[in-house]
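Here the structure comes first, spelled out in structure tokens, and everything after it is commentary.
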Amino acid sequence: MNLQTLFLSTILLPLVVAGKILAQETPPLPERPKTITSSVTLVSQKEPGEQLIVNGVFYSRDGKTPAPGVLLYVYQTDATGVYNSDDGSWQRPRINGWFRTDKDGRYEIRTIKPGSYPRGRNPAHIHLVIVPDNGAARWLDDFLFEGDPFLSPAGRERPSRDGRFSYVMKIRKGKDGLLHCERDIILDTR
């Protein structure tokens, strides 16, 4: 099975049946590490691709009060757009990790900029799954990147409209030579 067929059968088909969009389950979550901090490093410095740091703050529903202790799982493709080189499955991503927001709601993810799916037209992205203490895990909006050629017209407008809360993040090169993005997130507890 090629990667495009695998993508269609595992991602798109479960989402659309008889023209209706269906909820999709989160991927199987790997075992949590014993220690989870507010900073997670997903790859070594030898990983091919552009080194990237994403940071921000999680807020409670009011958008002002920091949300400490929020547990999250993140996963992504490598720089070539593949989740794993064995079978390409998004359910067994090679690049993944856990973090928990600190007392001020802050987090940091150290990784590489992911690639778009091979022969696909999806924007490059990092998946984000919230794992509540009492409740089912669920996806939050992916991290997307300003300037991606596969962003929709509405996606291109997001950074200027939503500012630091935009899921389409502005990307800049820091003095350290690394790519940097910031994204604050308001938790919807409904």
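Letters for chains follow the order of the structure tokens (A, B, ...), residue numbers begin at 1 for each chain, and ligand numbers begin at 1 in the order shown.
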
Write out as an MDAnalysis selection string all residues of chain A that DSSP puts in alpha helix (DSSP H) for this structure's backbone. chainID A and resid 3:7 13:15 153:162

Can you spit out the residues from that selection as a short mmCIF file (atom, residue, chain, number, x, y, z; two decimals), in the first residue's frame, using C-alpha atoms?
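And here's selection-v6.cif as it stands now:
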data_model
loop_
_atom_site.label_atom_id
_atom_site.label_comp_id
_atom_site.auth_asym_id
_atom_site.auth_seq_id
_atom_site.Cartn_x
_atom_site.Cartn_y
_atom_site.Cartn_z
CA LEU A 3 1.45 6.37 1.43
CA GLN A 4 -1.30 8.20 -0.47
CA THR A 5 -3.63 5.18 -0.29
CA LEU A 6 -2.74 4.74 3.37
CA PHE A 7 -3.58 8.40 4.02
CA LEU A 13 -12.47 7.96 4.84
CA PRO A 14 -13.19 7.77 8.59
CA LEU A 15 -13.99 11.51 8.51
CA PRO A 153 -7.17 31.58 2.07
CA ALA A 154 -8.90 31.67 5.48
CA GLY A 155 -5.83 30.07 7.08
CA ARG A 156 -3.60 32.75 5.60
CA GLU A 157 -5.68 35.43 7.35
CA ARG A 158 -5.58 33.75 10.77
CA PRO A 159 -2.33 35.23 12.16
CA SER A 160 -3.40 38.83 11.57
CA ARG A 161 -6.95 38.15 12.82
CA ASP A 162 -6.26 35.93 15.85
#

When DSSP works through the backbone of this structure, what residues of region 114-162 of chain A end up as strand (DSSP E or B), shown as a ChimeraX atom specification? /A:125-130,138-145

Those same residues, written as a CSV table (one decimal), in the first residue's frame with C-alpha atoms?
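Listing of selection-v2.csv after writing:
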chain,number,residue,atom,x,y,z
A,125,HIS,CA,1.4,20.6,10.9
A,126,ILE,CA,1.9,19.3,14.5
A,127,HIS,CA,-0.9,17.5,16.1
A,128,LEU,CA,-1.9,18.3,19.6
A,129,VAL,CA,-4.0,16.1,21.9
A,130,ILE,CA,-5.3,17.2,25.3
A,138,ARG,CA,-9.4,14.9,22.2
A,139,TRP,CA,-7.6,16.8,19.5
A,140,LEU,CA,-7.0,20.5,19.7
A,141,ASP,CA,-6.4,22.6,16.6
A,142,ASP,CA,-3.1,21.6,14.9
A,143,PHE,CA,-0.1,23.9,14.9
A,144,LEU,CA,0.1,25.3,11.3
A,145,PHE,CA,2.7,27.6,9.9

Looking at A:Gly49, A:Gly56, A:Pro118, A:Pro93, which one is nearest to Ser166 (chain A), with distances taken over only C-alpha atoms?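 The closest residue to Ser166 (chain A) is A:Gly56.
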
Selection near region 59-61 of chain A, 9 Å with only C-alpha atoms, sequence-local residues under 4 positions removed, as a compact mmCIF listing (two decimals) with N, CA and C atoms, in the first residue's frame:
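Full text of selection-v4.txt as output:
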# COMPACT_ATOMS: atom_id res chain seq x y z
N THR A 65 -6.82 33.82 32.67
CA THR A 65 -6.27 33.04 33.77
C THR A 65 -5.44 31.89 33.23
N PRO A 66 -4.14 31.83 33.56
CA PRO A 66 -3.32 30.70 33.07
C PRO A 66 -3.88 29.36 33.56
N ALA A 67 -3.70 28.34 32.74
CA ALA A 67 -4.18 26.99 33.05
C ALA A 67 -2.97 26.09 33.36
N PRO A 68 -2.66 25.90 34.65
CA PRO A 68 -1.54 25.04 35.00
C PRO A 68 -1.91 23.56 34.94
N GLY A 105 0.90 28.13 33.22
CA GLY A 105 0.27 27.72 31.97
C GLY A 105 1.21 27.62 30.79
N ASP A 184 -0.59 30.89 22.00
CA ASP A 184 -1.34 30.77 23.24
C ASP A 184 -2.67 30.09 22.91
N ILE A 185 -3.19 29.34 23.87
CA ILE A 185 -4.40 28.55 23.62
C ILE A 185 -5.38 28.77 24.76
N ILE A 186 -6.64 29.04 24.40
CA ILE A 186 -7.72 29.14 25.38
C ILE A 186 -8.43 27.79 25.40
N LEU A 187 -8.51 27.19 26.57
CA LEU A 187 -9.16 25.90 26.71
C LEU A 187 -10.67 26.07 26.76
N ASP A 188 -11.35 25.33 25.94
CA ASP A 188 -12.81 25.30 25.94
C ASP A 188 -13.20 24.09 26.77
N THR A 189 -13.77 24.32 27.92
CA THR A 189 -14.07 23.22 28.85
C THR A 189 -15.46 22.65 28.67

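In this comparison, which uses only C-alpha atoms, the residue of A:Tyr117, A:Trp90, A:Tyr107, A:Phe165 approaching Pro28 (chain A) most closely is A:Trp90.
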
What is the CA of Lys64 (chain A)-CA of Arg172 (chain A) distance in Å, reported with one decimal? 25.4 Å

Between CA of Gly163 (chain A) and CA of Thr26 (chain A) lies a distance of 27.3 Å

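Put simply, CA of Gly88 (chain A) is 20.9 Å away from CA of Lys46 (chain A).
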
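Near Gly81 (chain A), within 9 Å and counting only C-alpha atoms, sit A:Gln76, A:Thr77, A:Pro114, A:Gly115, A:Ser116, A:Tyr117, A:Pro118, A:Ala124, not including residues fewer than 4 positions from it in the same chain.
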
Could you write out the selected residues, including N, CA and C atoms, as an mmCIF file, in the first residue's frame?
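Contents of the output file result.cif:
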data_model
loop_
_atom_site.group_PDB
_atom_site.id
_atom_site.type_symbol
_atom_site.label_atom_id
_atom_site.label_comp_id
_atom_site.auth_asym_id
_atom_site.auth_seq_id
_atom_site.Cartn_x
_atom_site.Cartn_y
_atom_site.Cartn_z
ATOM 1 N N GLN A 76 3.979 14.413 15.150
ATOM 2 C CA GLN A 76 4.136 15.069 13.856
ATOM 3 C C GLN A 76 4.876 14.168 12.885
ATOM 4 N N THR A 77 4.929 14.641 11.643
ATOM 5 C CA THR A 77 5.732 13.970 10.620
ATOM 6 C C THR A 77 7.181 14.429 10.748
ATOM 7 N N PRO A 114 7.867 20.220 10.654
ATOM 8 C CA PRO A 114 7.417 19.028 9.933
ATOM 9 C C PRO A 114 7.230 19.310 8.448
ATOM 10 N N GLY A 115 7.215 18.245 7.661
ATOM 11 C CA GLY A 115 6.937 18.371 6.238
ATOM 12 C C GLY A 115 5.491 18.039 5.942
ATOM 13 N N SER A 116 5.011 18.478 4.791
ATOM 14 C CA SER A 116 3.669 18.105 4.319
ATOM 15 C C SER A 116 3.698 16.655 3.872
ATOM 16 N N TYR A 117 2.527 16.011 3.876
ATOM 17 C CA TYR A 117 2.450 14.624 3.437
ATOM 18 C C TYR A 117 2.978 14.499 2.008
ATOM 19 N N PRO A 118 3.732 13.418 1.728
ATOM 20 C CA PRO A 118 4.236 13.230 0.366
ATOM 21 C C PRO A 118 3.079 13.213 -0.649
ATOM 22 N N ALA A 124 1.842 21.616 6.340
ATOM 23 C CA ALA A 124 2.647 20.989 7.383
ATOM 24 C C ALA A 124 2.008 21.327 8.736
#

Counting only C-alpha atoms, what is within 10 Å of Pro48 (chain A), bar same-chain residues fewer than 6 positions away, as a list in words?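 Here the answer would be Asp78, Ala79, Thr80, Ile112 and Lys113 of chain A.
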
Produce a file of the selected residues containing N, CA and C atoms, as a PDB file, in the first residue's frame.
ATOM      1  N   ASP A  78       8.065  13.737  10.040  1.00  0.00           N
ATOM      2  CA  ASP A  78       9.443  14.202   9.931  1.00  0.00           C
ATOM      3  C   ASP A  78       9.503  15.284   8.850  1.00  0.00           C
ATOM      4  N   ALA A  79      10.699  15.717   8.497  1.00  0.00           N
ATOM      5  CA  ALA A  79      10.849  16.795   7.510  1.00  0.00           C
ATOM      6  C   ALA A  79      10.381  16.387   6.117  1.00  0.00           C
ATOM      7  N   THR A  80      10.270  15.075   5.856  1.00  0.00           N
ATOM      8  CA  THR A  80       9.805  14.611   4.547  1.00  0.00           C
ATOM      9  C   THR A  80       8.298  14.390   4.512  1.00  0.00           C
ATOM     10  N   ILE A 112      11.507  19.719  15.068  1.00  0.00           N
ATOM     11  CA  ILE A 112      11.864  20.236  13.745  1.00  0.00           C
ATOM     12  C   ILE A 112      10.577  20.682  13.070  1.00  0.00           C
ATOM     13  N   LYS A 113      10.721  21.526  12.076  1.00  0.00           N
ATOM     14  CA  LYS A 113       9.541  21.904  11.294  1.00  0.00           C
ATOM     15  C   LYS A 113       9.126  20.673  10.485  1.00  0.00           C
TER      16      LYS A 113
END

Quick one: residues within 12 Å of Lys173 (chain A), only C-alpha atoms, excluding same-chain residues fewer than 4 positions away - as a PyMOL selection string? chain A and resi 50-54+177-181

Which polymer residues have any atom within 9 Å of an atom of Thr101 (chain A), counting only C-alpha atoms, with same-chain residues fewer than 6 positions away left out, as a list of chain:residue names?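 Contacts, with the query itself left out: A:Thr37, A:Ser38, A:Ser39, A:Val57, A:Phe58, A:Ala67, A:Pro68, A:Gly69, A:Val70, A:Leu71, A:Leu72, A:Tyr107, A:Glu108.
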
Select, from A:Val131, A:Ala136, A:Ile109, A:Ile171, the residue with the minimum atom-to-atom distance to Asp148 (chain A), counting only C-alpha atoms. A:Ile171

Could you check the closest approach to Asn55 (chain A) for each of A:Ser85, A:Asn122, A:Pro27, A:Arg183 and tell me which residue wins, using only C-alpha atoms?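 So, comparing all the options, the nearest one is A:Arg183.
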
Given only C-alpha atoms as the counted atoms, nearest of A:Glu31, A:Glu146, A:Asp86, A:Asp62 to Trp98 (chain A):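 Between A:Glu31, A:Glu146, A:Asp86, A:Asp62, the residue approaching Trp98 (chain A) most closely is A:Glu31.
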